[in-house]
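Coordinates as given in upload_19.txt (compact mmCIF, C-alpha atoms):
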# COMPACT_ATOMS: atom_id res chain seq x y z
CA GLY A 27 112.22 123.29 102.61
CA PRO A 28 115.91 122.81 103.46
CA PHE A 29 115.26 123.39 107.17
CA GLN A 30 112.64 120.62 107.31
CA CYS A 31 114.93 118.23 105.42
CA SER A 32 117.89 119.01 107.67
CA THR A 33 115.72 118.53 110.78
CA LEU A 34 114.53 115.18 109.46
CA GLN A 35 118.11 114.15 108.71
CA LYS A 36 119.23 115.08 112.23
CA GLN A 37 116.35 113.16 113.76
CA PHE A 38 117.10 110.22 111.53
CA SER A 39 120.79 110.05 112.40
CA ALA A 40 119.96 110.35 116.08
CA HIS A 41 117.98 107.10 115.84
CA ALA A 42 119.60 105.08 113.09
CA GLN A 43 122.49 104.57 110.75
CA GLU A 44 122.44 103.11 107.29
CA GLU A 45 124.71 100.18 106.50
CA ALA A 46 124.62 98.33 103.17
CA GLY A 47 121.23 99.81 102.40
CA ILE A 48 119.67 98.40 105.59
CA ILE A 49 118.40 100.83 108.20
CA ILE A 50 119.53 99.63 111.60
CA VAL A 51 117.09 100.95 114.15
CA SER A 52 118.04 101.75 117.71
CA SER A 53 114.47 102.05 118.92
CA ARG A 54 112.31 99.00 118.16
CA GLU A 55 109.33 100.68 119.81
CA ALA A 56 109.44 103.61 117.38
CA VAL A 57 109.52 101.33 114.37
CA THR A 58 106.71 99.16 115.69
CA GLN A 59 104.64 102.30 116.18
CA ASP A 60 105.36 103.42 112.61
CA ASN A 61 104.49 100.04 111.11
CA LEU A 62 101.20 99.87 112.94
CA VAL A 63 98.24 100.35 110.62
CA THR A 64 94.96 99.99 112.42
CA PRO A 65 91.81 98.57 110.81
CA GLU A 66 90.07 101.84 111.76
CA GLU A 67 92.53 103.81 109.59
CA LEU A 68 91.50 101.68 106.62
CA GLY A 69 87.80 101.79 107.50
CA VAL A 70 87.46 98.03 108.08
CA ASN A 71 87.07 95.60 110.97
CA ALA A 72 90.02 93.76 112.50
CA PRO A 73 90.57 90.39 110.79
CA THR A 74 89.38 87.47 112.92
CA VAL A 75 88.85 84.70 110.35
CA LEU A 76 91.87 84.01 108.12
CA PRO A 77 92.60 81.82 105.07
CA GLY A 78 93.09 78.26 106.28
CA ASN A 79 90.22 78.61 108.73
CA LEU A 80 87.20 76.44 107.92
CA THR A 81 84.86 79.45 107.94
CA TYR A 82 87.00 81.62 105.62
CA GLY A 83 85.28 80.14 102.56
CA PHE A 84 81.98 81.43 103.91
CA LYS A 85 83.56 84.85 104.46
CA ASN A 86 84.60 84.95 100.80
CA PHE A 87 81.14 83.79 99.74
CA THR A 88 79.66 86.69 101.72
CA ARG A 89 82.02 89.11 99.94
CA GLY A 90 80.93 87.77 96.56
CA PHE A 91 77.28 88.03 97.59
CA ARG A 92 77.74 91.64 98.70
CA SER A 93 79.55 92.54 95.50
CA PHE A 94 76.85 90.92 93.32
CA PHE A 95 74.09 92.85 95.07
CA THR A 96 75.97 96.16 95.06
CA PHE A 97 74.86 98.30 92.14
CA GLY A 98 76.70 101.09 90.37
CA ALA A 99 80.36 101.05 89.34
CA GLU A 100 81.35 103.57 92.02
CA LYS A 101 79.79 101.50 94.83
CA LYS A 102 81.38 98.33 93.46
CA ALA A 103 84.76 100.09 93.24
CA GLU A 104 84.50 101.24 96.86
CA LEU A 105 83.63 97.69 97.91
CA ALA A 106 86.57 96.20 95.98
CA LEU A 107 88.87 98.70 97.69
CA ARG A 108 87.38 97.73 101.04
CA PHE A 109 88.10 94.06 100.31
CA ALA A 110 91.68 94.98 99.37
CA ASN A 111 92.01 96.80 102.71
CA GLU A 112 90.69 93.75 104.55
CA LYS A 113 92.98 91.37 102.69
CA ILE A 114 96.20 93.29 103.26
CA LEU A 115 95.46 93.20 107.01
CA GLU A 116 94.70 89.48 106.78
CA ALA A 117 98.00 89.01 104.94
CA GLU A 118 99.76 90.78 107.80
CA LYS A 119 98.34 88.23 110.27
CA LEU A 120 99.35 85.32 108.01
CA GLN A 121 102.94 86.56 107.84
CA GLU A 122 103.04 87.00 111.62
CA ARG A 123 101.98 83.35 111.93
CA GLY A 124 104.71 82.24 109.55
CA GLU A 125 102.23 80.89 106.98
CA THR A 126 104.37 81.75 103.95
CA ALA A 127 102.36 80.03 101.20
CA ARG A 128 99.03 81.50 102.36
CA PHE A 129 100.63 84.90 102.93
CA GLU A 130 101.99 85.04 99.36
CA ALA A 131 98.72 83.79 97.84
CA HIS A 132 96.76 86.37 99.83
CA LEU A 133 98.94 89.22 98.61
CA LYS A 134 97.89 88.23 95.08
CA ASN A 135 94.25 88.26 96.20
CA TYR A 136 94.79 91.77 97.56
CA GLU A 137 96.27 92.79 94.20
CA LYS A 138 93.27 91.34 92.31
CA ASP A 139 90.81 93.34 94.41
CA PHE A 140 92.82 96.53 93.96
CA GLU A 141 93.01 95.90 90.20
CA ARG A 142 89.25 95.32 90.11
CA ALA A 143 88.69 98.63 91.96
CA LYS A 144 90.82 100.40 89.33
CA LYS A 145 88.88 98.84 86.42
CA LEU A 146 85.54 99.75 87.99
CA ALA A 147 86.74 103.34 88.51
CA GLU A 148 87.36 103.60 84.75
CA LYS A 149 83.61 103.14 84.22
CA PHE A 150 82.58 106.28 86.09
CA GLU A 151 85.55 108.65 85.84
CA GLN A 152 84.22 110.26 82.61
CA LYS A 153 80.54 110.22 83.58
CA ASN A 154 81.07 111.50 87.10
CA PRO A 155 84.45 113.26 87.52
CA GLU A 156 83.59 114.40 91.05
CA LEU A 157 83.09 110.80 92.22
CA ALA A 158 86.29 109.79 90.44
CA GLU A 159 88.20 112.51 92.31
CA LYS A 160 86.84 111.38 95.68
CA PHE A 161 87.74 107.79 94.87
CA ALA A 162 91.28 108.76 93.80
CA GLU A 163 91.70 110.68 97.07
CA ARG A 164 90.57 107.64 99.07
CA VAL A 165 92.90 105.33 97.12
CA LEU A 166 95.90 107.58 97.70
CA LYS A 167 95.25 107.88 101.44
CA ASP A 168 94.82 104.12 101.75
CA GLN A 169 97.91 103.46 99.66
CA PHE A 170 100.17 105.25 102.16
CA LYS A 171 98.88 102.80 104.78
CA HIS A 172 99.33 99.84 102.43
CA GLN A 173 102.89 100.89 101.67
CA THR A 174 103.62 101.10 105.41
CA LEU A 175 102.48 97.49 105.65
CA PHE A 176 104.55 96.46 102.62
CA GLY A 177 107.57 97.99 104.38
CA LYS A 178 106.82 95.83 107.40
CA PHE A 179 106.32 92.75 105.21
CA GLU A 180 109.69 93.27 103.51
CA LYS A 181 111.45 93.83 106.83
CA GLU A 182 110.06 90.57 108.27
CA ALA A 183 110.14 88.56 105.03
CA SER A 184 111.89 85.29 104.46
CA VAL A 185 114.10 85.03 101.36
CA GLU A 186 111.26 83.14 99.65
CA GLU A 187 108.63 85.79 100.43
CA LEU A 188 110.58 88.88 99.38
CA PRO A 189 110.19 88.69 95.54
CA ARG A 190 106.40 88.30 95.76
CA ILE A 191 106.11 91.20 98.23
CA LYS A 192 108.15 93.50 95.98
CA GLU A 193 106.13 92.46 92.93
CA VAL A 194 102.74 93.19 94.56
CA ARG A 195 104.04 96.40 96.15
CA GLU A 196 105.17 97.66 92.73
CA LYS A 197 101.83 96.74 91.16
CA ALA A 198 99.92 98.60 93.90
CA LEU A 199 101.96 101.76 93.25
CA GLU A 200 101.41 101.36 89.52
CA LEU A 201 97.61 101.06 89.92
CA THR A 202 97.57 104.10 92.24
CA GLY A 203 99.51 106.11 89.66
CA GLU A 204 97.05 105.08 86.93
CA ILE A 205 94.04 106.09 89.03
CA ILE A 206 95.58 109.54 89.60
CA ALA A 207 96.56 109.81 85.91
CA ASP A 208 92.95 109.19 84.87
CA ILE A 209 91.70 112.33 86.68
CA ASP A 210 91.19 115.09 84.11
CA ASN A 211 90.99 117.92 86.63
CA THR A 212 94.60 119.11 86.83
CA GLU A 213 93.81 121.57 89.64
CA PHE A 214 92.36 118.73 91.75
CA VAL A 215 95.37 116.51 91.06
CA ILE A 216 97.87 119.18 92.10
CA ILE A 217 96.03 120.71 95.08
CA LYS A 218 94.52 117.54 96.58
CA LEU A 219 97.65 115.51 95.95
CA SER A 220 99.73 118.20 97.67
CA GLN A 221 97.42 118.14 100.70
CA ILE A 222 97.47 114.35 101.02
CA VAL A 223 101.20 113.91 100.56
CA SER A 224 102.02 116.85 102.86
CA ALA A 225 99.82 115.30 105.57
CA ALA A 226 101.62 111.98 105.08
CA VAL A 227 105.06 113.56 105.33
CA GLU A 228 104.09 115.48 108.46
CA GLU A 229 102.33 112.49 110.05
CA LYS A 230 103.08 112.09 113.72
CA GLY A 231 105.19 109.18 114.86
CA SER A 232 108.89 108.65 115.34
CA ALA A 233 111.48 110.38 113.16
CA PHE A 234 111.25 107.40 110.80
CA LYS A 235 107.62 107.88 109.82
CA PRO A 236 108.09 111.00 107.67
CA LEU A 237 111.16 109.41 106.08
CA ARG A 238 109.24 106.24 105.30
CA ASN A 239 106.41 108.24 103.73
CA LEU A 240 108.99 110.17 101.68
CA GLU A 241 110.20 106.84 100.32
CA VAL A 242 106.63 106.05 99.25
CA LEU A 243 106.41 109.46 97.58
CA LYS A 244 109.59 108.87 95.60
CA ALA A 245 108.27 105.52 94.40
CA LEU A 246 104.87 107.03 93.55
CA GLU A 247 106.48 109.93 91.70
CA GLU A 248 107.65 107.50 89.01
CA LYS A 249 104.09 106.26 88.46
CA VAL A 250 102.05 109.47 88.22
CA PRO A 251 101.52 111.82 85.24
CA GLU A 252 103.85 114.79 84.76
CA ARG A 253 101.31 117.32 86.09
CA ALA A 254 101.19 115.44 89.40
CA LYS A 255 104.96 115.10 89.78
CA ASP A 256 105.35 118.75 90.83
CA ALA A 257 102.90 118.28 93.71
CA ILE A 258 104.89 115.30 94.95
CA ARG A 259 108.23 117.08 94.55
CA GLN A 260 106.95 120.10 96.51
CA ALA A 261 105.84 117.84 99.36
CA GLN A 262 109.33 116.31 99.48
CA GLU A 263 111.03 119.70 99.91
What's the structure tokens form of this structure?
Amino acid sequence: GPFQCSTLQKQFSAHAQEEAGIIIVSSREAVTQDNLVTPEELGVNAPTVLPGNLTYGFKNFTRGFRSFFTFGAEKKAELALRFANEKILEAEKLQERGETARFEAHLKNYEKDFERAKKLAEKFEQKNPELAEKFAERVLKDQFKHQTLFGKFEKEASVEELPRIKEVREKALELTGEIIADIDNTEFVIIKLSQIVSAAVEEKGSAFKPLRNLEVLKALEEKVPERAKDAIRQAQE
């Protein structure tokens, strides 16, 4: 409601001011805390072997092996989403190391896995709506974390990196919107979406965290079906 918005605005102005569209932050610690996405939150292990390492090829071979011997579209979709989660964290490490070319290439690999997860979900959403709903819920929760990382990537990006980051970020939002749009159960879309986005907006952290999640909501609002827009708008109030 208006009170929550006004409280957020007061908190925001106490910590930052906006100049030329760039948020200038007075507390680096708060922003670092907000940008931190742990492997545990995404249900994966911390990345230790990265592209460019001699053993990374074996890591990818293992992923392909696992995918080949995973049966059922829903299990394959979950695995593809897991690989996307792993790769966005690997991309984070590559950017931190200043490996621009590998970082950009790996963002595209992340996008391919996410796209594959979406295509696999299409195979079971009609046959098993309940599984499709659970998968959509998982995707949406993960996407808030991914978008936090994209925000960090953009903030730390070189001029060369920025267009690719924005392109992949937009595609990720688009795929998330399509996954939600494919759910036939309107009640699920509205109620579950409201719960997830409300939790994201109220997530603990500095005053910036709710505002950053609100930005994600506004971007997602453009990508979801009309019936889901109300749930997102309510969470923004």
- Message: Which residues are near range 134-148 of chain A? Cut-off 6 Å, all atoms listed in the file, ignore same chain within fewer than 3 positions. Put them as JSON, numbers by chain.
- Response: {"A": [99, 103, 106, 107, 110, 113, 131, 151]}
- Do you know which residues are at most 7 Å from Gly203 in chain A counting only C-alpha atoms, after dropping those on the same chain fewer than 3 positions away, and could you put them as a PyMOL selection string? chain A and resi 199-200+206-207+246+249-250
- Name all residues at most 12 Å from range 155-161 of chain A (count only C-alpha atoms; drop same-chain ones fewer than 2 positions away) and give them as a ChimeraX atom specification. /A:98-108,143-153,163-168,202,205-219
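Straight-line separation from CA of Tyr82 in chain A to CA of Val185 in chain A: 27.6 Å.
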- Message: Env of Val70 in chain A: 10 Å cut, atoms = all atoms listed in the file, seq-sep filter 6 positions within chain, self excluded. Answer as a PyMOL selection string.
- Response: chain A and resi 64+108-109+111-112+115
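Using all atoms listed in the file, the nearest neighbour of Phe170 in chain A within the list A:Glu116, A:Glu204, A:Glu67, A:Asp256 is A:Glu67.
Here CA of Arg123 in chain A is placed at a distance of 11.7 Å from CA of Pro77 in chain A.
Interatomic distance, CA of Ala183 in chain A against CA of Lys85 in chain A: 26.8 Å.
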- One residue among A:Lys192, A:Arg89, A:Lys171, A:Lys178 is nearest to Leu133 in chain A when using all atoms listed in the file, and that residue is A:Lys192
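Counting only C-alpha atoms and comparing A:Ile191, A:Phe95, A:Arg128, A:Glu196, the residue that lies closest to Asn79 in chain A is A:Arg128.
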- Go through A:Thr88, A:Leu201, A:Gln169, A:Val194 and flag the residue nearest Leu243 in chain A, using only C-alpha atoms for the distances. A:Gln169
- Note on the structure: Residue with the minimum atom-to-atom distance to His132 in chain A, picked from A:Glu252, A:Glu187, A:Glu180, A:Glu247 with only C-alpha atoms counted, is A:Glu187
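Shortest separation to Lys181 in chain A among A:Ser220, A:Thr126, A:Gln121, A:Asn154 occurs at residue A:Gln121, atoms counted being all atoms listed in the file.
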Hey, what's within 8 Å of Leu175 in chain A if we count all atoms listed in the file and toss same-chain stuff fewer than 3 positions away? As an mmCIF file with C-alpha atoms, keeping the file's coordinate frame, please?
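File produced: part35.cif:
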data_model
loop_
_atom_site.group_PDB
_atom_site.id
_atom_site.type_symbol
_atom_site.label_atom_id
_atom_site.label_comp_id
_atom_site.auth_asym_id
_atom_site.auth_seq_id
_atom_site.Cartn_x
_atom_site.Cartn_y
_atom_site.Cartn_z
ATOM 1 C CA ASN A 61 104.490 100.040 111.110
ATOM 2 C CA LEU A 62 101.200 99.870 112.940
ATOM 3 C CA VAL A 63 98.240 100.350 110.620
ATOM 4 C CA ILE A 114 96.200 93.290 103.260
ATOM 5 C CA GLU A 118 99.760 90.780 107.800
ATOM 6 C CA LYS A 171 98.880 102.800 104.780
ATOM 7 C CA HIS A 172 99.330 99.840 102.430
ATOM 8 C CA LYS A 178 106.820 95.830 107.400
ATOM 9 C CA PHE A 179 106.320 92.750 105.210
#
Enclose range 179-192 of chain A, meaning all of its atoms listed in the file, in a box aligned along x, y and z, pad it by 6 Å on each side, and list the centre and edge lengths in Å to one decimal, as AutoDock Vina command-line options.
--center_x 110.1 --center_y 88.5 --center_z 101.9 --size_x 20.0 --size_y 22.7 --size_z 24.7
Could you pull range 241-253 of chain A out of the block above and give me all heavy atoms, as a PDB file, in the first residue's frame?
ATOM      1  N   GLU A 241      11.961  -3.662  -9.324  1.00  0.00           N
ATOM      2  CA  GLU A 241      12.399  -3.432 -10.703  1.00  0.00           C
ATOM      3  C   GLU A 241      12.226  -4.696 -11.528  1.00  0.00           C
ATOM      4  O   GLU A 241      11.802  -4.648 -12.686  1.00  0.00           O
ATOM      5  CB  GLU A 241      13.871  -3.001 -10.722  1.00  0.00           C
ATOM      6  CG  GLU A 241      14.102  -1.572 -10.262  1.00  0.00           C
ATOM      7  CD  GLU A 241      15.589  -1.254 -10.114  1.00  0.00           C
ATOM      8  OE1 GLU A 241      16.411  -2.024 -10.658  1.00  0.00           O
ATOM      9  OE2 GLU A 241      15.905  -0.263  -9.457  1.00  0.00           O
ATOM     10  N   VAL A 242      12.563  -5.842 -10.951  1.00  0.00           N
ATOM     11  CA  VAL A 242      12.391  -7.124 -11.640  1.00  0.00           C
ATOM     12  C   VAL A 242      10.915  -7.350 -11.938  1.00  0.00           C
ATOM     13  O   VAL A 242      10.536  -7.776 -13.024  1.00  0.00           O
ATOM     14  CB  VAL A 242      12.954  -8.295 -10.795  1.00  0.00           C
ATOM     15  CG1 VAL A 242      12.669  -9.627 -11.470  1.00  0.00           C
ATOM     16  CG2 VAL A 242      14.453  -8.126 -10.585  1.00  0.00           C
ATOM     17  N   LEU A 243      10.063  -7.043 -10.952  1.00  0.00           N
ATOM     18  CA  LEU A 243       8.622  -7.209 -11.135  1.00  0.00           C
ATOM     19  C   LEU A 243       8.105  -6.372 -12.294  1.00  0.00           C
ATOM     20  O   LEU A 243       7.305  -6.839 -13.099  1.00  0.00           O
ATOM     21  CB  LEU A 243       7.873  -6.807  -9.857  1.00  0.00           C
ATOM     22  CG  LEU A 243       7.888  -7.794  -8.700  1.00  0.00           C
ATOM     23  CD1 LEU A 243       7.054  -7.256  -7.558  1.00  0.00           C
ATOM     24  CD2 LEU A 243       7.371  -9.140  -9.127  1.00  0.00           C
ATOM     25  N   LYS A 244       8.539  -5.132 -12.361  1.00  0.00           N
ATOM     26  CA  LYS A 244       8.079  -4.246 -13.442  1.00  0.00           C
ATOM     27  C   LYS A 244       8.484  -4.803 -14.799  1.00  0.00           C
ATOM     28  O   LYS A 244       7.714  -4.769 -15.755  1.00  0.00           O
ATOM     29  CB  LYS A 244       8.660  -2.835 -13.250  1.00  0.00           C
ATOM     30  CG  LYS A 244       8.001  -2.058 -12.121  1.00  0.00           C
ATOM     31  CD  LYS A 244       8.577  -0.653 -12.015  1.00  0.00           C
ATOM     32  CE  LYS A 244       8.130   0.045 -10.738  1.00  0.00           C
ATOM     33  NZ  LYS A 244       6.686   0.199 -10.619  1.00  0.00           N
ATOM     34  N   ALA A 245       9.707  -5.331 -14.876  1.00  0.00           N
ATOM     35  CA  ALA A 245      10.181  -5.911 -16.133  1.00  0.00           C
ATOM     36  C   ALA A 245       9.400  -7.184 -16.467  1.00  0.00           C
ATOM     37  O   ALA A 245       9.018  -7.411 -17.619  1.00  0.00           O
ATOM     38  CB  ALA A 245      11.669  -6.223 -16.035  1.00  0.00           C
ATOM     39  N   LEU A 246       9.111  -7.988 -15.439  1.00  0.00           N
ATOM     40  CA  LEU A 246       8.385  -9.243 -15.646  1.00  0.00           C
ATOM     41  C   LEU A 246       6.933  -8.984 -16.032  1.00  0.00           C
ATOM     42  O   LEU A 246       6.343  -9.731 -16.811  1.00  0.00           O
ATOM     43  CB  LEU A 246       8.450 -10.090 -14.373  1.00  0.00           C
ATOM     44  CG  LEU A 246       7.962 -11.533 -14.456  1.00  0.00           C
ATOM     45  CD1 LEU A 246       8.756 -12.319 -15.485  1.00  0.00           C
ATOM     46  CD2 LEU A 246       8.072 -12.206 -13.094  1.00  0.00           C
ATOM     47  N   GLU A 247       6.382  -7.914 -15.495  1.00  0.00           N
ATOM     48  CA  GLU A 247       4.983  -7.564 -15.764  1.00  0.00           C
ATOM     49  C   GLU A 247       4.710  -7.447 -17.266  1.00  0.00           C
ATOM     50  O   GLU A 247       3.637  -7.803 -17.754  1.00  0.00           O
ATOM     51  CB  GLU A 247       4.630  -6.237 -15.074  1.00  0.00           C
ATOM     52  CG  GLU A 247       3.153  -5.893 -15.111  1.00  0.00           C
ATOM     53  CD  GLU A 247       2.873  -4.544 -14.467  1.00  0.00           C
ATOM     54  OE1 GLU A 247       3.658  -4.109 -13.615  1.00  0.00           O
ATOM     55  OE2 GLU A 247       1.865  -3.938 -14.844  1.00  0.00           O
ATOM     56  N   GLU A 248       5.702  -6.963 -18.005  1.00  0.00           N
ATOM     57  CA  GLU A 248       5.539  -6.795 -19.451  1.00  0.00           C
ATOM     58  C   GLU A 248       5.523  -8.126 -20.184  1.00  0.00           C
ATOM     59  O   GLU A 248       5.084  -8.205 -21.323  1.00  0.00           O
ATOM     60  CB  GLU A 248       6.690  -5.938 -20.011  1.00  0.00           C
ATOM     61  CG  GLU A 248       6.727  -4.534 -19.445  1.00  0.00           C
ATOM     62  CD  GLU A 248       7.995  -3.799 -19.856  1.00  0.00           C
ATOM     63  OE1 GLU A 248       8.682  -4.285 -20.786  1.00  0.00           O
ATOM     64  OE2 GLU A 248       8.291  -2.753 -19.260  1.00  0.00           O
ATOM     65  N   LYS A 249       6.017  -9.186 -19.525  1.00  0.00           N
ATOM     66  CA  LYS A 249       6.200 -10.467 -20.206  1.00  0.00           C
ATOM     67  C   LYS A 249       5.129 -11.509 -19.885  1.00  0.00           C
ATOM     68  O   LYS A 249       5.090 -12.552 -20.515  1.00  0.00           O
ATOM     69  CB  LYS A 249       7.571 -11.065 -19.831  1.00  0.00           C
ATOM     70  CG  LYS A 249       8.741 -10.122 -20.002  1.00  0.00           C
ATOM     71  CD  LYS A 249       9.030  -9.818 -21.449  1.00  0.00           C
ATOM     72  CE  LYS A 249      10.235  -8.913 -21.609  1.00  0.00           C
ATOM     73  NZ  LYS A 249      10.428  -8.483 -22.993  1.00  0.00           N
ATOM     74  N   VAL A 250       4.313 -11.246 -18.861  1.00  0.00           N
ATOM     75  CA  VAL A 250       3.351 -12.276 -18.432  1.00  0.00           C
ATOM     76  C   VAL A 250       1.964 -12.006 -19.017  1.00  0.00           C
ATOM     77  O   VAL A 250       1.664 -10.893 -19.446  1.00  0.00           O
ATOM     78  CB  VAL A 250       3.259 -12.351 -16.887  1.00  0.00           C
ATOM     79  CG1 VAL A 250       4.578 -12.774 -16.288  1.00  0.00           C
ATOM     80  CG2 VAL A 250       2.780 -11.033 -16.294  1.00  0.00           C
ATOM     81  N   PRO A 251       1.092 -13.049 -19.030  1.00  0.00           N
ATOM     82  CA  PRO A 251      -0.266 -12.854 -19.553  1.00  0.00           C
ATOM     83  C   PRO A 251      -1.069 -11.894 -18.681  1.00  0.00           C
ATOM     84  O   PRO A 251      -0.729 -11.676 -17.516  1.00  0.00           O
ATOM     85  CB  PRO A 251      -0.860 -14.267 -19.511  1.00  0.00           C
ATOM     86  CG  PRO A 251      -0.064 -15.003 -18.496  1.00  0.00           C
ATOM     87  CD  PRO A 251       1.315 -14.420 -18.567  1.00  0.00           C
ATOM     88  N   GLU A 252      -2.141 -11.365 -19.249  1.00  0.00           N
ATOM     89  CA  GLU A 252      -2.959 -10.350 -18.580  1.00  0.00           C
ATOM     90  C   GLU A 252      -3.432 -10.799 -17.204  1.00  0.00           C
ATOM     91  O   GLU A 252      -3.407 -10.042 -16.251  1.00  0.00           O
ATOM     92  CB  GLU A 252      -4.169 -10.001 -19.459  1.00  0.00           C
ATOM     93  CG  GLU A 252      -4.856  -8.700 -19.082  1.00  0.00           C
ATOM     94  CD  GLU A 252      -3.943  -7.476 -19.141  1.00  0.00           C
ATOM     95  OE1 GLU A 252      -3.164  -7.344 -20.100  1.00  0.00           O
ATOM     96  OE2 GLU A 252      -4.006  -6.665 -18.195  1.00  0.00           O
ATOM     97  N   ARG A 253      -3.838 -12.068 -17.096  1.00  0.00           N
ATOM     98  CA  ARG A 253      -4.385 -12.575 -15.815  1.00  0.00           C
ATOM     99  C   ARG A 253      -3.328 -12.558 -14.703  1.00  0.00           C
ATOM    100  O   ARG A 253      -3.661 -12.549 -13.527  1.00  0.00           O
ATOM    101  CB  ARG A 253      -4.965 -13.980 -15.996  1.00  0.00           C
ATOM    102  CG  ARG A 253      -3.952 -15.016 -16.411  1.00  0.00           C
ATOM    103  CD  ARG A 253      -4.613 -16.185 -17.159  1.00  0.00           C
ATOM    104  NE  ARG A 253      -3.619 -16.960 -17.866  1.00  0.00           N
ATOM    105  CZ  ARG A 253      -3.140 -18.117 -17.441  1.00  0.00           C
ATOM    106  NH1 ARG A 253      -3.573 -18.638 -16.317  1.00  0.00           N
ATOM    107  NH2 ARG A 253      -2.246 -18.765 -18.136  1.00  0.00           N
TER     108      ARG A 253
END
